[in-house]
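Undergrad: My structure file run-v2.cif, mmCIF, C-alpha atoms, is below:
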```cif
data_entry
#
loop_
_atom_site.label_atom_id
_atom_site.label_comp_id
_atom_site.auth_asym_id
_atom_site.auth_seq_id
_atom_site.Cartn_x
_atom_site.Cartn_y
_atom_site.Cartn_z
CA MET A 1 143.30 85.06 109.28
CA GLY A 2 144.38 88.56 110.39
CA ALA A 3 142.59 90.64 112.96
CA ILE A 4 139.17 91.92 111.96
CA SER A 5 139.03 95.68 111.50
CA PRO A 6 136.31 97.80 113.13
CA PHE A 7 134.59 97.55 109.75
CA GLY A 8 134.50 93.77 109.86
CA LEU A 9 137.16 92.66 107.37
CA ALA A 10 140.60 91.23 107.96
CA ASN A 11 143.82 92.38 106.42
CA GLY A 12 144.68 90.32 103.34
CA ALA A 13 141.02 89.52 102.98
CA ASN A 14 139.95 86.82 100.56
CA VAL A 15 136.50 86.32 99.06
CA ALA A 16 135.21 84.51 102.13
CA GLU A 17 136.35 87.30 104.40
CA ARG A 18 134.80 89.91 102.15
CA SER A 19 131.48 88.23 102.79
CA GLN A 20 131.96 89.26 106.42
CA LEU A 21 132.20 92.83 105.21
CA ILE A 22 128.91 92.46 103.36
CA ALA A 23 127.24 91.12 106.51
CA HIS A 24 128.77 93.92 108.57
CA LEU A 25 127.57 96.56 106.16
CA ASP A 26 124.17 94.91 106.45
CA ALA A 27 124.06 95.61 110.12
CA HIS A 28 125.28 99.20 109.83
CA SER A 29 123.68 100.43 106.62
CA SER A 30 121.29 103.35 106.90
CA ASP A 31 119.50 102.01 103.81
CA ARG A 32 117.52 99.53 105.85
CA VAL A 33 113.82 98.78 106.18
CA ARG A 34 112.51 98.73 109.71
CA ASN A 35 109.89 96.10 110.51
CA GLY A 36 108.34 96.64 113.92
CA ARG A 37 105.64 94.90 115.93
CA ARG A 38 103.95 96.01 119.12
CA ALA A 39 102.60 93.46 121.56
CA ASP A 40 100.33 94.36 124.49
CA GLY A 41 101.16 98.04 124.07
CA GLY A 42 104.79 97.33 124.85
CA ARG A 43 107.94 98.43 123.08
CA ALA A 44 108.15 97.37 119.47
CA ASP A 45 110.31 94.39 118.63
CA VAL A 46 112.49 95.68 115.85
CA GLN A 47 114.05 93.64 113.12
CA TRP A 48 116.20 95.16 110.41
CA ARG A 49 116.47 93.93 106.89
CA TRP A 50 118.12 95.50 103.86
CA ARG A 51 117.89 95.37 100.12
CA VAL A 52 120.65 94.61 97.67
CA THR A 53 120.22 95.30 94.01
CA ARG A 54 123.00 93.90 91.87
CA LEU A 55 124.31 96.43 89.36
CA THR A 56 125.48 95.60 85.89
CA THR A 57 128.00 97.68 84.04
CA SER A 58 127.90 98.73 80.45
CA ARG A 59 130.10 100.80 78.22
CA GLU A 60 126.96 102.64 77.17
CA ALA A 61 125.45 103.71 80.48
CA LEU A 62 124.97 102.53 84.05
CA ALA A 63 121.73 103.19 85.89
CA VAL A 64 122.29 103.31 89.65
CA SER A 65 119.36 101.71 91.40
CA GLU A 66 120.69 101.78 94.96
CA LEU A 67 123.10 103.79 97.07
CA ARG A 68 123.78 102.68 100.62
CA PHE A 69 125.21 104.69 103.50
CA VAL A 70 127.35 103.35 106.30
CA ARG A 71 127.75 105.62 109.32
CA ARG A 72 131.09 104.65 110.77
CA GLY A 73 131.98 106.88 113.69
CA PHE A 74 131.50 110.39 115.02
CA GLY A 75 132.54 112.41 118.06
CA ALA A 76 134.24 110.20 120.62
CA GLU A 77 134.08 107.35 118.08
CA ALA A 78 135.77 109.30 115.27
CA VAL A 79 137.69 107.00 112.92
CA GLU A 80 141.47 107.26 112.58
CA TYR A 81 142.43 108.22 109.06
CA GLN A 82 144.58 105.17 108.35
CA VAL A 83 141.83 102.85 109.57
CA ALA A 84 139.31 104.50 107.27
CA TRP A 85 141.75 104.46 104.35
CA ASP A 86 142.38 100.74 104.78
CA GLU A 87 138.65 100.16 104.92
CA GLN A 88 138.09 102.12 101.74
CA ARG A 89 140.41 99.70 99.98
CA ARG A 90 138.46 96.70 101.27
CA VAL A 91 135.09 98.14 100.32
CA HIS A 92 136.57 99.14 96.95
CA ALA A 93 137.64 95.54 96.30
CA ALA A 94 134.22 94.22 97.26
CA ARG A 95 132.48 96.76 95.05
CA PHE A 96 134.74 95.97 92.10
CA ALA A 97 133.83 92.30 92.52
CA ASP A 98 130.09 93.21 92.60
CA GLU A 99 129.78 91.70 96.07
CA ILE A 100 128.20 94.87 97.47
CA PRO A 101 126.30 97.81 95.93
CA ASP A 102 127.60 101.37 95.72
CA THR A 103 128.42 102.42 99.27
CA VAL A 104 129.14 105.74 101.00
CA LEU A 105 131.16 105.67 104.22
CA LEU A 106 130.28 108.64 106.44
CA LEU A 107 132.38 109.61 109.45
CA GLU A 108 134.47 112.11 111.37
CA HIS A 109 138.25 111.90 111.74
CA PRO A 110 140.44 112.95 114.66
CA PRO A 111 142.59 115.94 113.61
CA VAL A 112 144.84 115.02 110.67
CA TYR A 113 146.45 116.66 107.65
CA THR A 114 146.35 114.72 104.39
CA ALA A 115 148.18 115.55 101.18
CA GLY A 116 147.14 114.61 97.68
CA ARG A 117 149.61 113.80 94.94
CA ARG A 118 150.02 117.40 93.72
CA THR A 119 150.90 118.93 97.11
CA ALA A 120 153.99 121.14 97.08
CA ASP A 121 156.43 121.17 99.98
CA SER A 122 155.74 124.87 100.55
CA GLU A 123 152.05 124.10 101.23
CA ARG A 124 152.73 121.75 104.15
CA PRO A 125 152.89 122.84 107.82
CA LEU A 126 155.96 124.97 108.49
CA ASP A 127 156.55 123.38 111.91
CA GLY A 128 156.94 119.83 110.66
CA THR A 129 153.51 118.63 111.81
CA PRO A 130 153.01 115.11 110.40
CA VAL A 131 151.05 114.81 107.17
CA VAL A 132 149.54 111.65 105.71
CA ASP A 133 150.36 111.39 102.00
CA VAL A 134 147.48 109.76 100.14
CA ASP A 135 146.73 108.53 96.63
CA ARG A 136 143.87 110.90 95.83
CA GLY A 137 143.94 113.92 93.57
CA GLY A 138 144.19 117.45 94.83
CA LYS A 139 146.50 118.97 97.40
CA ILE A 140 146.76 119.31 101.18
CA THR A 141 143.78 119.65 103.50
CA TRP A 142 142.73 119.04 107.08
CA HIS A 143 140.18 116.63 108.56
CA GLY A 144 138.91 116.70 112.10
CA PRO A 145 136.07 117.22 114.59
CA GLY A 146 133.12 119.15 113.24
CA GLN A 147 133.76 118.07 109.66
CA LEU A 148 131.55 115.52 107.92
CA VAL A 149 133.64 113.27 105.68
CA GLY A 150 132.10 111.09 103.00
CA TYR A 151 133.80 108.38 100.96
CA PRO A 152 131.53 107.34 98.06
CA ILE A 153 132.71 104.02 96.66
CA GLN A 154 130.85 103.78 93.39
CA LYS A 155 131.31 101.77 90.22
CA LEU A 156 131.32 103.96 87.11
CA PRO A 157 131.22 103.03 83.43
CA ARG A 158 134.54 103.11 81.59
CA PRO A 159 136.23 105.20 80.43
CA VAL A 160 135.41 106.97 83.67
CA ASP A 161 134.17 110.56 83.54
CA VAL A 162 135.93 111.82 86.69
CA VAL A 163 134.77 115.41 86.24
CA ALA A 164 131.12 114.35 86.08
CA HIS A 165 131.55 112.39 89.33
CA VAL A 166 133.03 115.45 91.06
CA ARG A 167 130.20 117.63 89.75
CA ARG A 168 127.61 115.24 91.21
CA LEU A 169 129.26 115.41 94.63
CA GLU A 170 129.37 119.19 94.43
CA GLU A 171 125.71 119.35 93.46
CA ALA A 172 124.62 117.22 96.42
CA LEU A 173 126.59 119.42 98.83
CA ILE A 174 125.30 122.64 97.26
CA ARG A 175 121.74 121.37 97.80
CA THR A 176 122.60 120.42 101.38
CA CYS A 177 123.87 123.92 102.18
CA ALA A 178 120.82 125.46 100.53
CA GLU A 179 118.51 123.43 102.75
CA PHE A 180 120.20 125.03 105.76
CA GLY A 181 119.74 128.47 104.24
CA LEU A 182 123.24 129.03 102.85
CA GLU A 183 123.81 129.83 99.20
CA THR A 184 126.91 128.17 97.78
CA THR A 185 128.26 127.56 94.32
CA ARG A 186 131.13 126.27 92.19
CA VAL A 187 134.15 128.36 91.23
CA GLU A 188 135.57 127.84 87.78
CA GLY A 189 138.92 126.08 87.86
CA ARG A 190 138.58 125.16 91.54
CA SER A 191 136.82 122.01 92.70
CA GLY A 192 134.65 121.87 95.77
CA VAL A 193 131.78 123.98 97.08
CA TRP A 194 132.26 127.69 97.74
CA VAL A 195 130.70 130.65 99.50
CA LEU A 196 131.30 133.58 97.19
CA GLY A 197 132.86 136.74 98.58
CA ASP A 198 132.03 140.33 97.79
CA PRO A 199 133.40 142.03 94.67
CA VAL A 200 136.99 143.14 95.27
CA GLU A 201 136.09 146.83 95.39
CA ARG A 202 133.64 146.21 98.24
CA ARG A 203 135.93 144.14 100.46
CA PRO A 204 137.42 145.70 103.60
CA ALA A 205 141.04 146.88 103.58
CA LEU A 206 143.67 144.61 105.11
CA GLY A 207 146.09 146.01 107.65
CA GLY A 208 144.98 149.54 106.85
CA LEU A 209 145.94 149.16 103.19
CA SER A 210 143.69 149.33 100.20
CA LEU A 211 143.14 146.01 98.45
CA ASP A 212 144.90 147.61 95.50
CA PHE A 213 148.06 146.87 97.47
CA ASP A 214 147.12 143.36 98.53
CA PRO A 215 150.42 141.44 98.07
CA ARG A 216 148.56 138.26 97.18
CA LEU A 217 147.48 139.83 93.90
CA THR A 218 151.04 140.00 92.59
CA ASP A 219 153.01 137.44 94.60
CA GLU A 220 152.24 133.84 93.62
CA GLU A 221 154.38 132.55 96.49
CA PHE A 222 152.76 134.77 99.14
CA ASP A 223 152.51 132.79 102.39
CA PRO A 224 149.63 133.90 104.63
CA ARG A 225 151.20 132.06 107.58
CA LEU A 226 154.08 134.54 107.64
CA ASN A 227 152.04 137.70 107.28
CA GLY A 228 149.69 137.94 110.22
CA PRO A 229 146.19 136.73 111.12
CA GLU A 230 144.48 139.15 108.73
CA TYR A 231 145.57 136.84 105.90
CA ALA A 232 144.69 133.55 107.64
CA PRO A 233 142.40 131.18 105.69
CA SER A 234 140.08 130.95 108.71
CA ASN A 235 139.46 134.72 108.53
CA ALA A 236 138.35 134.77 104.89
CA GLY A 237 134.77 135.44 105.96
CA GLN A 238 135.82 138.63 107.74
CA ARG A 239 137.66 139.67 104.58
CA ARG A 240 134.52 138.86 102.56
CA GLU A 241 136.54 136.69 100.18
CA ASP A 242 135.64 133.47 98.42
CA ARG A 243 135.88 130.64 100.90
CA LYS A 244 135.60 126.89 100.49
CA ILE A 245 133.06 125.09 102.63
CA ALA A 246 133.50 121.61 101.15
CA ALA A 247 136.63 120.09 99.66
CA ILE A 248 136.61 117.21 97.17
CA GLY A 249 139.43 114.88 96.23
CA ILE A 250 138.98 111.48 94.63
CA ARG A 251 140.77 108.55 93.10
CA VAL A 252 139.40 106.10 90.55
CA ALA A 253 140.87 102.61 90.26
CA LYS A 254 139.44 99.83 88.11
CA GLY A 255 136.43 102.00 87.41
CA VAL A 256 135.52 102.35 91.12
CA THR A 257 135.85 105.59 93.06
CA MET A 258 137.60 106.17 96.39
CA HIS A 259 138.08 109.13 98.74
CA GLY A 260 135.45 111.84 98.42
CA PHE A 261 134.36 115.01 100.21
CA ALA A 262 134.78 116.90 103.47
CA LEU A 263 132.00 119.30 104.48
CA ASN A 264 132.87 121.85 107.19
CA VAL A 265 129.92 121.82 109.56
CA ASN A 266 131.25 123.32 112.81
CA PRO A 267 135.02 122.68 112.97
CA ASP A 268 137.70 124.95 114.40
CA ASN A 269 138.85 126.40 111.09
CA LYS A 270 142.10 127.63 112.62
CA TRP A 271 143.49 124.18 111.87
CA PHE A 272 143.61 125.30 108.23
CA ASP A 273 145.86 128.25 109.10
CA ARG A 274 148.89 125.97 109.43
CA ILE A 275 148.77 124.91 105.77
CA ILE A 276 147.92 126.35 102.36
CA PRO A 277 144.49 124.66 102.06
CA CYS A 278 144.14 122.97 98.68
CA GLY A 279 147.18 125.00 97.58
CA ILE A 280 145.02 128.13 97.23
CA ARG A 281 146.64 131.29 98.60
CA ASP A 282 144.03 133.94 97.73
CA ALA A 283 140.95 132.40 99.35
CA GLY A 284 140.00 130.76 102.62
CA VAL A 285 137.70 128.30 104.34
CA ALA A 286 134.18 128.45 105.70
CA SER A 287 131.79 126.37 107.79
CA LEU A 288 128.03 126.08 108.01
CA ALA A 289 128.03 127.24 111.62
CA ASN A 290 130.13 130.35 110.97
CA GLU A 291 128.25 131.36 107.84
CA LEU A 292 124.82 130.89 109.42
CA GLY A 293 125.81 132.42 112.76
CA ARG A 294 124.40 129.55 114.78
CA ASP A 295 125.37 126.15 116.02
CA VAL A 296 124.97 123.36 113.48
CA THR A 297 125.76 119.77 114.35
CA ILE A 298 126.91 116.76 112.39
CA ALA A 299 123.76 114.97 113.55
CA GLU A 300 121.61 117.63 111.86
CA VAL A 301 123.53 117.56 108.61
CA LEU A 302 124.01 113.81 108.24
CA PRO A 303 120.50 112.82 107.06
CA VAL A 304 120.31 115.86 104.78
CA VAL A 305 123.58 114.92 103.05
CA GLU A 306 122.40 111.34 102.66
CA ARG A 307 119.14 112.45 101.08
CA HIS A 308 120.75 114.79 98.58
CA LEU A 309 123.49 112.32 97.68
CA THR A 310 120.74 109.80 96.99
CA GLU A 311 118.79 112.26 94.85
CA VAL A 312 121.83 113.25 92.81
CA MET A 313 123.84 110.05 92.62
CA ALA A 314 121.43 107.15 92.95
CA ASN A 315 119.13 108.62 90.31
CA ALA A 316 121.89 109.59 87.89
CA GLU A 317 122.37 107.87 84.57
CA LEU A 318 126.10 107.36 84.53
CA ARG A 319 127.78 107.58 81.16
CA PRO A 320 131.35 106.91 80.12
CA ARG A 321 133.63 109.79 79.28
CA VAL A 322 133.42 110.85 75.67
CA ILE A 323 136.77 110.53 73.96
CA GLU A 324 137.20 112.81 71.03
CA PRO A 325 138.82 111.05 68.05
CA LYS A 326 142.21 112.38 67.12
CA ALA A 327 142.31 114.44 63.99
CA VAL A 328 143.95 112.56 61.15
CA GLU A 329 145.82 114.61 58.63
CA LYS A 330 145.12 113.69 55.07
CA VAL A 331 148.41 113.19 53.27
CA THR A 332 148.40 113.49 49.51
CA GLU A 333 151.24 111.87 47.67
CA THR A 334 152.58 114.04 44.87
CA THR A 335 154.23 112.44 41.89
CA PRO A 336 156.80 114.66 40.21
CA ALA A 337 156.16 115.42 36.59
CA ALA A 338 158.10 113.33 34.13
#
```
Taking this structure as input, can you express it in the form of structure tokens?
TA:
Amino acid sequence: MGAISPFGLANGANVAERSQLIAHLDAHSSDRVRNGRRADGGRADVQWRWRVTRLTTSREALAVSELRFVRRGFGAEAVEYQVAWDEQRRVHAARFADEIPDTVLLLEHPPVYTAGRRTADSERPLDGTPVVDVDRGGKITWHGPGQLVGYPIQKLPRPVDVVAHVRRLEEALIRTCAEFGLETTRVEGRSGVWVLGDPVERRPALGGLSLDFDPRLTDEEFDPRLNGPEYAPSNAGQRREDRKIAAIGIRVAKGVTMHGFALNVNPDNKWFDRIIPCGIRDAGVASLANELGRDVTIAEVLPVVERHLTEVMANAELRPRVIEPKAVEKVTETTPAA
């Protein structure tokens, strides 16, 4: 058997090895029930137990009765991207086999750029900084310290309604930001969670020029990296433009989701200035700390995200995507007159 990963499952895992993963998730799940006893006024003896509710799938609807969270590593124990990606695959296989319930991995990554399948070469770092190409949707982004990453691995009814899954993630993150006092929203045609900017006519001028002359309005290939810091994605708040605070990119295989969301809590957003984040040239990035003007930590945000994900996802009635029947042309055969 191969070496056990930090998540408790070996490479090339078989069914027996996947049971180790289930036991490991047992020990690390935040969906546990704490049973404590106090003896002679001393410290409580604590024993943890957890609940598993088997889920059954249906082509009609799937009611999610449990959603578990696994906190994997933060700060000095941040999880390398490749390690987390490999673990997603293992948890995905176990979830597909109904060996574990729906599970959300929560963690931080060391600094890393990842590129979804639609990333263009022109959106990658200009200096050749390494980028991890991944099998999710979307384009290029950055992960790193100060960013809370969540990988919901959830079984959905087929045919899978991917858009509905993304909307649920967005809703949970919008509620999370609201609890911290920040109003966020969706932007039509752009996934993720956004802080809306001011109307164009009320935004400050860039480089002494009126926004009427903003080159981004007419140049689809405008590259902010070559045009000074006033156009940098990390400065979008100063420009009072729309700015993304949470990115979402997923993959669905065999009816089970992978990848997920990245919520900017208190990262150094200058990391985004080396790429075209999500391939969007006319907007930028935000963080909870910058928008609120105070320090916000991952530790503060973590339980709030878990609660809102539970409210939105664990209580959702999941339905398959509606497939519209193709229109069938009625052909009338005409018999020529004799």
Undergrad: For stretch 104-117 of chain A, please output as an MDAnalysis selection string all residues within 7 Å (counting all atoms listed in the file; exclusion window: fewer than 3 positions along the same chain).
TA: chainID A and resid 68:75 78:81 131:145 147:153
Undergrad: For those residues, write C-alpha atoms to a file as an mmCIF file, in the frame of the given file.
TA:
```cif
data_model
loop_
_atom_site.group_PDB
_atom_site.id
_atom_site.type_symbol
_atom_site.label_atom_id
_atom_site.label_comp_id
_atom_site.auth_asym_id
_atom_site.auth_seq_id
_atom_site.Cartn_x
_atom_site.Cartn_y
_atom_site.Cartn_z
ATOM 1 C CA ARG A 68 123.780 102.680 100.620
ATOM 2 C CA PHE A 69 125.210 104.690 103.500
ATOM 3 C CA VAL A 70 127.350 103.350 106.300
ATOM 4 C CA ARG A 71 127.750 105.620 109.320
ATOM 5 C CA ARG A 72 131.090 104.650 110.770
ATOM 6 C CA GLY A 73 131.980 106.880 113.690
ATOM 7 C CA PHE A 74 131.500 110.390 115.020
ATOM 8 C CA GLY A 75 132.540 112.410 118.060
ATOM 9 C CA ALA A 78 135.770 109.300 115.270
ATOM 10 C CA VAL A 79 137.690 107.000 112.920
ATOM 11 C CA GLU A 80 141.470 107.260 112.580
ATOM 12 C CA TYR A 81 142.430 108.220 109.060
ATOM 13 C CA VAL A 131 151.050 114.810 107.170
ATOM 14 C CA VAL A 132 149.540 111.650 105.710
ATOM 15 C CA ASP A 133 150.360 111.390 102.000
ATOM 16 C CA VAL A 134 147.480 109.760 100.140
ATOM 17 C CA ASP A 135 146.730 108.530 96.630
ATOM 18 C CA ARG A 136 143.870 110.900 95.830
ATOM 19 C CA GLY A 137 143.940 113.920 93.570
ATOM 20 C CA GLY A 138 144.190 117.450 94.830
ATOM 21 C CA LYS A 139 146.500 118.970 97.400
ATOM 22 C CA ILE A 140 146.760 119.310 101.180
ATOM 23 C CA THR A 141 143.780 119.650 103.500
ATOM 24 C CA TRP A 142 142.730 119.040 107.080
ATOM 25 C CA HIS A 143 140.180 116.630 108.560
ATOM 26 C CA GLY A 144 138.910 116.700 112.100
ATOM 27 C CA PRO A 145 136.070 117.220 114.590
ATOM 28 C CA GLN A 147 133.760 118.070 109.660
ATOM 29 C CA LEU A 148 131.550 115.520 107.920
ATOM 30 C CA VAL A 149 133.640 113.270 105.680
ATOM 31 C CA GLY A 150 132.100 111.090 103.000
ATOM 32 C CA TYR A 151 133.800 108.380 100.960
ATOM 33 C CA PRO A 152 131.530 107.340 98.060
ATOM 34 C CA ILE A 153 132.710 104.020 96.660
#
```
Undergrad: Any idea what's packed within 10 Å of A:Asp223, counting only C-alpha atoms, ignoring anything in its chain fewer than 4 positions away? Could you give it as number ranges by chain?
TA: A: 122-123, 215-216, 219, 227-228, 231-232, 275-276, 281-282
Undergrad: Quick one, how far is atom CA of A:Pro199 from atom CA of A:Thr184?
TA: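 Atom-to-atom, atom CA of A:Pro199 to atom CA of A:Thr184, that is 15.6 Å.
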Undergrad: Between A:Gly192, A:Gly293, A:Pro159, A:Pro101, single out the one closest to A:Ala262, counting only C-alpha atoms.
TA: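 Residue with the minimum atom-to-atom distance to A:Ala262: A:Gly192.
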Undergrad: Identify which of the residues A:Pro229, A:Gly255, A:Gly284, A:Gly181 lies closest to A:Gly197, counting only C-alpha atoms when measuring atom-to-atom distances.
TA: A:Gly284
Undergrad: Interatomic distance between atom CA of A:Arg175 and atom CA of A:His308?
TA: 6.7 Å
Undergrad: Between A:Gly237, A:Gly260, A:Pro130, A:Gly279, which is the closest to A:Arg167 once you count all atoms listed in the file?
TA: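 That would be A:Gly260, the residue with the smallest distance to A:Arg167.
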Undergrad: Mind filling out stretch 78-88 of chain A with all heavy atoms and sending it as a CSV table (one decimal), keeping the file's coordinate frame?
TA:
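Result file follows (rebuild.csv):
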```csv
chain,number,residue,atom,x,y,z
A,78,ALA,N,135.2,108.9,116.6
A,78,ALA,CA,135.8,109.3,115.3
A,78,ALA,C,136.8,108.3,114.8
A,78,ALA,O,137.5,107.7,115.6
A,78,ALA,CB,136.4,110.7,115.4
A,79,VAL,N,136.9,108.1,113.5
A,79,VAL,CA,137.7,107.0,112.9
A,79,VAL,C,139.1,107.5,112.5
A,79,VAL,O,139.2,108.5,111.8
A,79,VAL,CB,137.0,106.4,111.7
A,79,VAL,CG1,137.8,105.2,111.1
A,79,VAL,CG2,135.6,106.0,112.1
A,80,GLU,N,140.1,106.9,113.0
A,80,GLU,CA,141.5,107.3,112.6
A,80,GLU,C,141.6,107.2,111.1
A,80,GLU,O,141.0,106.3,110.4
A,80,GLU,CB,142.5,106.3,113.2
A,80,GLU,CG,142.6,106.5,114.7
A,80,GLU,CD,143.3,107.8,115.1
A,80,GLU,OE1,143.9,108.4,114.3
A,80,GLU,OE2,143.2,108.2,116.3
A,81,TYR,N,142.4,108.1,110.5
A,81,TYR,CA,142.4,108.2,109.1
A,81,TYR,C,142.9,106.9,108.4
A,81,TYR,O,142.4,106.5,107.4
A,81,TYR,CB,143.3,109.4,108.6
A,81,TYR,CG,143.2,109.6,107.1
A,81,TYR,CD1,142.2,110.4,106.6
A,81,TYR,CD2,144.1,109.0,106.3
A,81,TYR,CE1,142.1,110.5,105.2
A,81,TYR,CE2,144.0,109.2,104.9
A,81,TYR,CZ,143.0,110.0,104.4
A,81,TYR,OH,142.9,110.1,103.0
A,82,GLN,N,144.0,106.4,109.0
A,82,GLN,CA,144.6,105.2,108.4
A,82,GLN,C,143.6,104.0,108.4
A,82,GLN,O,143.5,103.2,107.4
A,82,GLN,CB,145.9,104.8,109.1
A,82,GLN,CG,146.6,103.6,108.4
A,82,GLN,CD,147.1,104.0,107.0
A,82,GLN,OE1,147.8,105.0,106.8
A,82,GLN,NE2,146.8,103.2,106.0
A,83,VAL,N,142.8,103.9,109.5
A,83,VAL,CA,141.8,102.8,109.6
A,83,VAL,C,140.8,103.0,108.5
A,83,VAL,O,140.4,102.1,107.8
A,83,VAL,CB,141.2,102.9,111.0
A,83,VAL,CG1,140.0,101.9,111.0
A,83,VAL,CG2,142.2,102.5,112.0
A,84,ALA,N,140.3,104.2,108.3
A,84,ALA,CA,139.3,104.5,107.3
A,84,ALA,C,139.9,104.3,105.9
A,84,ALA,O,139.2,103.8,105.0
A,84,ALA,CB,138.8,105.9,107.4
A,85,TRP,N,141.1,104.6,105.7
A,85,TRP,CA,141.8,104.5,104.4
A,85,TRP,C,141.9,103.0,104.0
A,85,TRP,O,141.6,102.5,102.9
A,85,TRP,CB,143.1,105.1,104.3
A,85,TRP,CG,143.7,105.3,103.0
A,85,TRP,CD1,143.2,105.0,101.8
A,85,TRP,CD2,145.1,105.7,102.7
A,85,TRP,NE1,144.1,105.3,100.8
A,85,TRP,CE2,145.3,105.7,101.3
A,85,TRP,CE3,146.2,106.1,103.5
A,85,TRP,CZ2,146.5,106.1,100.7
A,85,TRP,CZ3,147.4,106.5,102.9
A,85,TRP,CH2,147.5,106.4,101.5
A,86,ASP,N,142.3,102.2,105.0
A,86,ASP,CA,142.4,100.7,104.8
A,86,ASP,C,141.0,100.2,104.5
A,86,ASP,O,140.9,99.3,103.6
A,86,ASP,CB,143.0,100.0,106.0
A,86,ASP,CG,144.4,100.4,106.2
A,86,ASP,OD1,145.1,100.8,105.3
A,86,ASP,OD2,144.9,100.2,107.4
A,87,GLU,N,140.0,100.7,105.2
A,87,GLU,CA,138.6,100.2,104.9
A,87,GLU,C,138.1,100.6,103.6
A,87,GLU,O,137.4,99.8,102.9
A,87,GLU,CB,137.7,100.7,106.0
A,87,GLU,CG,136.3,100.1,105.9
A,87,GLU,CD,136.3,98.6,105.9
A,87,GLU,OE1,137.2,97.9,106.4
A,87,GLU,OE2,135.3,98.0,105.4
A,88,GLN,N,138.5,101.7,103.1
A,88,GLN,CA,138.1,102.1,101.7
A,88,GLN,C,138.6,101.1,100.7
A,88,GLN,O,137.9,100.7,99.8
A,88,GLN,CB,138.7,103.5,101.4
A,88,GLN,CG,138.0,104.7,102.0
A,88,GLN,CD,138.5,105.9,101.3
A,88,GLN,OE1,138.2,106.2,100.2
A,88,GLN,NE2,139.3,106.7,102.1
```
